$ cat data24.cif   # mmCIF, C-alpha atoms
data_query
#
loop_
_atom_site.label_atom_id
_atom_site.label_comp_id
_atom_site.auth_asym_id
_atom_site.auth_seq_id
_atom_site.Cartn_x
_atom_site.Cartn_y
_atom_site.Cartn_z
CA MET A 1 6.57 -48.77 -49.55
CA LYS A 2 9.43 -46.28 -49.37
CA ILE A 3 10.56 -47.70 -45.99
CA LYS A 4 10.52 -51.22 -47.44
CA GLY A 5 12.76 -50.09 -50.31
CA ILE A 6 15.21 -48.40 -47.94
CA PHE A 7 15.29 -51.55 -45.78
CA PHE A 8 16.17 -53.78 -48.76
CA PHE A 9 18.77 -51.28 -49.96
CA PHE A 10 20.32 -51.31 -46.48
CA LEU A 11 20.37 -55.14 -46.49
CA PHE A 12 22.04 -55.06 -49.91
CA LEU A 13 24.78 -52.73 -48.63
CA VAL A 14 25.43 -54.91 -45.57
CA PHE A 15 25.56 -58.03 -47.73
CA ALA A 16 27.82 -56.39 -50.33
CA GLN A 17 30.19 -55.17 -47.63
CA GLY A 18 30.45 -58.72 -46.29
CA LEU A 19 31.28 -60.06 -49.73
CA LEU A 20 33.93 -57.43 -50.31
CA ALA A 21 35.51 -57.88 -46.90
CA GLN A 22 36.88 -61.30 -47.82
CA PRO A 23 38.46 -61.89 -51.23
CA PRO A 24 37.04 -64.70 -53.37
CA ASN A 25 38.56 -68.15 -52.76
CA ALA A 26 39.97 -67.01 -49.41
CA PRO A 27 40.22 -69.85 -46.91
CA GLU A 28 37.43 -69.89 -44.39
CA GLN A 29 38.40 -68.28 -41.11
CA THR A 30 38.35 -70.79 -38.26
CA GLN A 31 39.61 -70.68 -34.74
CA ALA A 32 42.94 -72.35 -34.11
CA PRO A 33 42.61 -75.59 -32.18
CA LEU A 34 43.45 -75.45 -28.51
CA PRO A 35 46.95 -76.73 -27.75
CA ASN A 36 47.18 -80.18 -26.21
CA ASP A 37 47.94 -80.61 -22.55
CA PRO A 38 51.76 -81.00 -22.32
CA GLN A 39 51.34 -84.31 -20.49
CA VAL A 40 49.07 -85.60 -23.29
CA ASP A 41 51.73 -84.60 -25.84
CA ALA A 42 54.38 -86.44 -23.84
CA ILE A 43 52.21 -89.57 -23.61
CA ILE A 44 51.53 -89.51 -27.36
CA ASP A 45 55.20 -88.96 -28.21
CA TYR A 46 56.17 -91.84 -25.95
CA ALA A 47 53.53 -94.13 -27.50
CA LYS A 48 54.86 -93.39 -30.99
CA ARG A 49 58.27 -94.77 -29.98
CA PHE A 50 56.70 -98.23 -30.07
CA LEU A 51 55.38 -98.12 -33.64
CA GLY A 52 56.11 -101.47 -35.26
CA VAL A 53 56.34 -103.48 -32.03
CA PRO A 54 54.67 -106.83 -32.76
CA TYR A 55 51.26 -107.85 -31.47
CA ARG A 56 51.28 -110.52 -28.79
CA TYR A 57 48.12 -111.81 -27.11
CA GLY A 58 48.37 -110.87 -23.42
CA GLY A 59 51.53 -108.89 -24.15
CA THR A 60 52.46 -106.06 -21.82
CA THR A 61 56.07 -105.28 -22.77
CA PRO A 62 57.96 -103.88 -25.78
CA SER A 63 58.68 -107.44 -26.89
CA GLY A 64 54.97 -107.61 -27.82
CA PHE A 65 51.73 -105.85 -26.82
CA ASP A 66 48.05 -106.56 -27.01
CA CYS A 67 45.82 -103.47 -27.17
CA SER A 68 45.24 -102.94 -23.44
CA GLY A 69 48.77 -104.04 -22.57
CA PHE A 70 50.05 -101.28 -24.85
CA ILE A 71 47.81 -98.63 -23.23
CA ASN A 72 48.79 -99.82 -19.74
CA TYR A 73 52.50 -99.78 -20.57
CA ILE A 74 52.35 -96.26 -22.02
CA PHE A 75 50.30 -94.77 -19.19
CA GLY A 76 52.27 -96.70 -16.56
CA ASN A 77 55.40 -94.84 -17.70
CA PHE A 78 53.64 -91.64 -16.55
CA GLY A 79 52.57 -92.97 -13.15
CA PHE A 80 49.05 -94.11 -14.07
CA ASP A 81 47.88 -97.40 -12.58
CA LEU A 82 45.12 -98.54 -14.92
CA VAL A 83 43.03 -101.69 -15.11
CA ARG A 84 44.43 -104.33 -17.44
CA THR A 85 41.57 -105.09 -19.86
CA SER A 86 40.02 -103.00 -22.63
CA TYR A 87 36.53 -103.49 -21.17
CA GLY A 88 37.84 -102.40 -17.74
CA LEU A 89 39.49 -99.32 -19.26
CA ALA A 90 36.16 -98.46 -20.91
CA GLU A 91 34.67 -97.88 -17.45
CA LEU A 92 37.20 -95.17 -16.57
CA GLY A 93 36.95 -91.46 -17.32
CA THR A 94 34.18 -89.41 -18.86
CA THR A 95 32.33 -90.37 -22.03
CA VAL A 96 32.74 -87.81 -24.82
CA LYS A 97 30.95 -87.45 -28.14
CA LEU A 98 32.84 -88.38 -31.27
CA SER A 99 32.47 -84.76 -32.40
CA GLU A 100 34.30 -83.60 -29.24
CA ILE A 101 37.18 -86.08 -29.39
CA ARG A 102 40.71 -84.81 -28.84
CA PRO A 103 44.23 -86.19 -28.54
CA GLY A 104 44.68 -88.23 -25.36
CA ASP A 105 41.18 -89.68 -25.43
CA LEU A 106 40.71 -93.44 -25.51
CA MET A 107 38.53 -94.96 -28.23
CA PHE A 108 36.80 -98.28 -27.65
CA PHE A 109 35.71 -100.78 -30.24
CA LYS A 110 34.10 -104.17 -30.53
CA GLY A 111 36.57 -106.98 -31.07
CA SER A 112 36.74 -108.91 -34.32
CA ASN A 113 33.05 -109.89 -34.05
CA VAL A 114 31.14 -106.94 -35.49
CA ASN A 115 27.88 -108.29 -34.01
CA SER A 116 29.20 -108.12 -30.45
CA THR A 117 28.05 -105.38 -28.11
CA SER A 118 31.00 -105.53 -25.72
CA VAL A 119 34.34 -103.75 -25.72
CA GLY A 120 37.13 -105.80 -27.24
CA HIS A 121 39.71 -103.20 -28.34
CA VAL A 122 41.17 -99.89 -27.15
CA ALA A 123 43.23 -97.17 -28.87
CA LEU A 124 44.76 -93.81 -27.94
CA VAL A 125 43.80 -90.76 -30.03
CA VAL A 126 46.96 -89.00 -31.27
CA GLU A 127 45.63 -86.43 -33.77
CA VAL A 128 42.31 -84.82 -34.66
CA THR A 129 41.73 -82.74 -37.80
CA PRO A 130 38.57 -81.91 -39.74
CA THR A 131 39.17 -84.99 -41.92
CA ALA A 132 40.89 -87.42 -39.57
CA ILE A 133 40.81 -88.98 -36.14
CA LYS A 134 44.14 -90.80 -35.88
CA PHE A 135 44.74 -93.31 -33.14
CA ILE A 136 47.64 -95.50 -32.07
CA HIS A 137 47.00 -99.05 -30.94
CA SER A 138 48.32 -102.58 -30.96
CA ALA A 139 46.41 -104.63 -33.50
CA ASN A 140 47.10 -107.88 -35.36
CA THR A 141 50.01 -106.36 -37.30
CA GLY A 142 51.53 -104.67 -34.23
CA VAL A 143 51.59 -101.11 -32.94
CA ARG A 144 50.40 -98.77 -35.66
CA ILE A 145 48.46 -95.56 -36.32
CA ASP A 146 45.13 -95.73 -38.16
CA ASN A 147 42.68 -93.08 -39.34
CA PHE A 148 39.24 -93.78 -37.91
CA ASN A 149 37.51 -91.67 -40.56
CA THR A 150 38.79 -93.84 -43.42
CA SER A 151 38.63 -97.27 -41.77
CA GLN A 152 35.44 -99.20 -42.44
CA TYR A 153 36.74 -101.88 -40.08
CA TYR A 154 36.89 -99.54 -37.08
CA ILE A 155 33.92 -97.35 -38.00
CA GLN A 156 31.56 -100.34 -37.84
CA ARG A 157 33.09 -101.50 -34.54
CA TYR A 158 33.18 -98.14 -32.74
CA LEU A 159 31.48 -98.13 -29.32
CA LYS A 160 32.56 -95.04 -27.37
CA THR A 161 35.28 -92.60 -26.44
CA LYS A 162 36.47 -91.82 -22.92
CA ARG A 163 38.50 -88.92 -21.58
CA LEU A 164 40.78 -89.58 -18.64
CA ASP A 165 41.65 -87.02 -15.98
CA TYR A 166 45.31 -86.23 -16.52
CA GLY A 167 45.41 -84.21 -13.32
CA THR A 168 46.19 -80.92 -15.06
CA PRO A 169 43.88 -77.95 -15.81
#

$ encode --input "data24.cif" --output "structure tokens"
Amino acid sequence: MKIKGIFFFFLFLVFAQGLLAQPPNAPEQTQAPLPNDPQVDAIIDYAKRFLGVPYRYGGTTPSGFDCSGFINYIFGNFGFDLVRTSYGLAELGTTVKLSEIRPGDLMFFKGSNVNSTSVGHVALVVEVTPTAIKFIHSANTGVRIDNFNTSQYYIQRYLKTKRLDYGTP
């Protein structure tokens, strides 16, 4: 019985020390996110230059983009020769879980028909935080940034995320 009491007293001391080590209401300690690959940052910065460019079905230039035309134009500026369609792009790279998504990844969605099972839209992830997955894409109102986490439209159409090989470690 005496050993049991000493054990619980020891546990109490360890627990109390842990409580005293961090002041109340202190922000939770988390690891800093890994920095983006410099090429990914450059691609994202370049893509943001086209915010507001109008949507144009089949568009592949700054006078008007469709979703895959936008992705192709951006990546083409960095020497990538990608397939032209969103469903073709969805076959490239490595599939990653939504919980492992990071800037530079491509997100794929159903098109306007929520009952479809095929890829109809593509977007480039530009920012990931605990409360947001922001992506840039060309949609019906033109090139814009949306937050996946707060968009019922895109949440119900999400299919997968792919990570391309940017050729850097």

$ closest_residue --input "data24.cif" --among "A:Ile74, A:Leu164, A:Ile145, A:Met107" --to "Leu92 of chain A" --atoms "all atoms listed in the file"
A:Leu164

$ residues_around --input "data24.cif" --residues "Tyr73 of chain A" --least-positions-apart "5" --cutoff "12 Å" --atoms "all atoms listed in the file" --output "NGL selection string"
:A and (43 or 46-47 or 50 or 59-68 or 78-84 or 137-138)

$ closest_residue --input "data24.cif" --among "A:Val114, A:Pro103, A:Pro38, A:Val143" --to "Glu127 of chain A" --atoms "only C-alpha atoms"
A:Pro103

$ residues_around --input "data24.cif" --residues "Leu89 of chain A" --least-positions-apart "4" --cutoff "12 Å" --atoms "all atoms listed in the file" --output "mmCIF file with C-alpha atoms, in the frame of the given file"
data_model
loop_
_atom_site.group_PDB
_atom_site.id
_atom_site.type_symbol
_atom_site.label_atom_id
_atom_site.label_comp_id
_atom_site.auth_asym_id
_atom_site.auth_seq_id
_atom_site.Cartn_x
_atom_site.Cartn_y
_atom_site.Cartn_z
ATOM 1 C CA CYS A 67 45.820 -103.470 -27.170
ATOM 2 C CA SER A 68 45.240 -102.940 -23.440
ATOM 3 C CA GLY A 69 48.770 -104.040 -22.570
ATOM 4 C CA ILE A 71 47.810 -98.630 -23.230
ATOM 5 C CA ASN A 72 48.790 -99.820 -19.740
ATOM 6 C CA PHE A 75 50.300 -94.770 -19.190
ATOM 7 C CA ASP A 81 47.880 -97.400 -12.580
ATOM 8 C CA LEU A 82 45.120 -98.540 -14.920
ATOM 9 C CA VAL A 83 43.030 -101.690 -15.110
ATOM 10 C CA ARG A 84 44.430 -104.330 -17.440
ATOM 11 C CA THR A 85 41.570 -105.090 -19.860
ATOM 12 C CA GLY A 93 36.950 -91.460 -17.320
ATOM 13 C CA THR A 94 34.180 -89.410 -18.860
ATOM 14 C CA THR A 95 32.330 -90.370 -22.030
ATOM 15 C CA ASP A 105 41.180 -89.680 -25.430
ATOM 16 C CA LEU A 106 40.710 -93.440 -25.510
ATOM 17 C CA MET A 107 38.530 -94.960 -28.230
ATOM 18 C CA PHE A 108 36.800 -98.280 -27.650
ATOM 19 C CA PHE A 109 35.710 -100.780 -30.240
ATOM 20 C CA VAL A 119 34.340 -103.750 -25.720
ATOM 21 C CA GLY A 120 37.130 -105.800 -27.240
ATOM 22 C CA HIS A 121 39.710 -103.200 -28.340
ATOM 23 C CA VAL A 122 41.170 -99.890 -27.150
ATOM 24 C CA ALA A 123 43.230 -97.170 -28.870
ATOM 25 C CA LEU A 124 44.760 -93.810 -27.940
ATOM 26 C CA LYS A 160 32.560 -95.040 -27.370
ATOM 27 C CA THR A 161 35.280 -92.600 -26.440
ATOM 28 C CA LYS A 162 36.470 -91.820 -22.920
ATOM 29 C CA ARG A 163 38.500 -88.920 -21.580
ATOM 30 C CA LEU A 164 40.780 -89.580 -18.640
#

$ residues_around --input "data24.cif" --residues "Ser112 of chain A" --least-positions-apart "6" --cutoff "12 Å" --atoms "all atoms listed in the file" --output "list in words"
Ser118, Val119, Gly120, His121, Ala139, Asn140, Tyr153, Tyr154, Gln156, Arg157 and Tyr158 of chain A

$ write_last_selection --input "data24.cif" --atoms "C-alpha atoms" --output "PDB file, keeping the file's coordinate frame"
ATOM      1  CA  SER A 118      31.000-105.530 -25.720  1.00  0.00           C
ATOM      2  CA  VAL A 119      34.340-103.750 -25.720  1.00  0.00           C
ATOM      3  CA  GLY A 120      37.130-105.800 -27.240  1.00  0.00           C
ATOM      4  CA  HIS A 121      39.710-103.200 -28.340  1.00  0.00           C
ATOM      5  CA  ALA A 139      46.410-104.630 -33.500  1.00  0.00           C
ATOM      6  CA  ASN A 140      47.100-107.880 -35.360  1.00  0.00           C
ATOM      7  CA  TYR A 153      36.740-101.880 -40.080  1.00  0.00           C
ATOM      8  CA  TYR A 154      36.890 -99.540 -37.080  1.00  0.00           C
ATOM      9  CA  GLN A 156      31.560-100.340 -37.840  1.00  0.00           C
ATOM     10  CA  ARG A 157      33.090-101.500 -34.540  1.00  0.00           C
ATOM     11  CA  TYR A 158      33.180 -98.140 -32.740  1.00  0.00           C
TER      12      TYR A 158
END

$ atom_distance --input "data24.cif" --atom1 "atom CA of Ile101 of chain A" --atom2 "atom CA of Gln39 of chain A"
16.8 Å

$ residues_near_point --input "data24.cif" --point "(47.4, -86.4, -26.5)" --cutoff "6 Å" --atoms "only C-alpha atoms" --output "PyMOL selection string"
chain A and resi 40-41+44+103-104+126

$ closest_residue --input "data24.cif" --among "A:Asp165, A:Val125, A:Lys48, A:Gly88" --to "Glu100 of chain A" --atoms "all atoms listed in the file"
A:Val125

$ axis_aligned_box --input "data24.cif" --around "segment 110-125 of chain A" --padding-each-side "5 Å" --output "AutoDock Vina command-line options"
--center_x 36.3 --center_y -100.3 --center_z -30.6 --size_x 26.9 --size_y 29.1 --size_z 19.8

$ resolve_selection --input "data24.cif" --expression "the PyMOL selection byres ((chain A and resi 147) around 9)" --output "ChimeraX atom specification"
/A:132-135,145-146,148-151,154

$ write_last_selection --input "data24.cif" --atoms "C-alpha atoms" --output "short mmCIF file (atom, residue, chain, number, x, y, z; two decimals), in the coordinates of the input"
data_model
loop_
_atom_site.label_atom_id
_atom_site.label_comp_id
_atom_site.auth_asym_id
_atom_site.auth_seq_id
_atom_site.Cartn_x
_atom_site.Cartn_y
_atom_site.Cartn_z
CA ALA A 132 40.89 -87.42 -39.57
CA ILE A 133 40.81 -88.98 -36.14
CA LYS A 134 44.14 -90.80 -35.88
CA PHE A 135 44.74 -93.31 -33.14
CA ILE A 145 48.46 -95.56 -36.32
CA ASP A 146 45.13 -95.73 -38.16
CA PHE A 148 39.24 -93.78 -37.91
CA ASN A 149 37.51 -91.67 -40.56
CA THR A 150 38.79 -93.84 -43.42
CA SER A 151 38.63 -97.27 -41.77
CA TYR A 154 36.89 -99.54 -37.08
#

$ atom_distance --input "data24.cif" --atom1 "atom CA of Asn113 of chain A" --atom2 "atom CA of Gly76 of chain A"
29.1 Å

$ atom_distance --input "data24.cif" --atom1 "atom CA of Asn36 of chain A" --atom2 "atom CA of Tyr55 of chain A"
28.5 Å
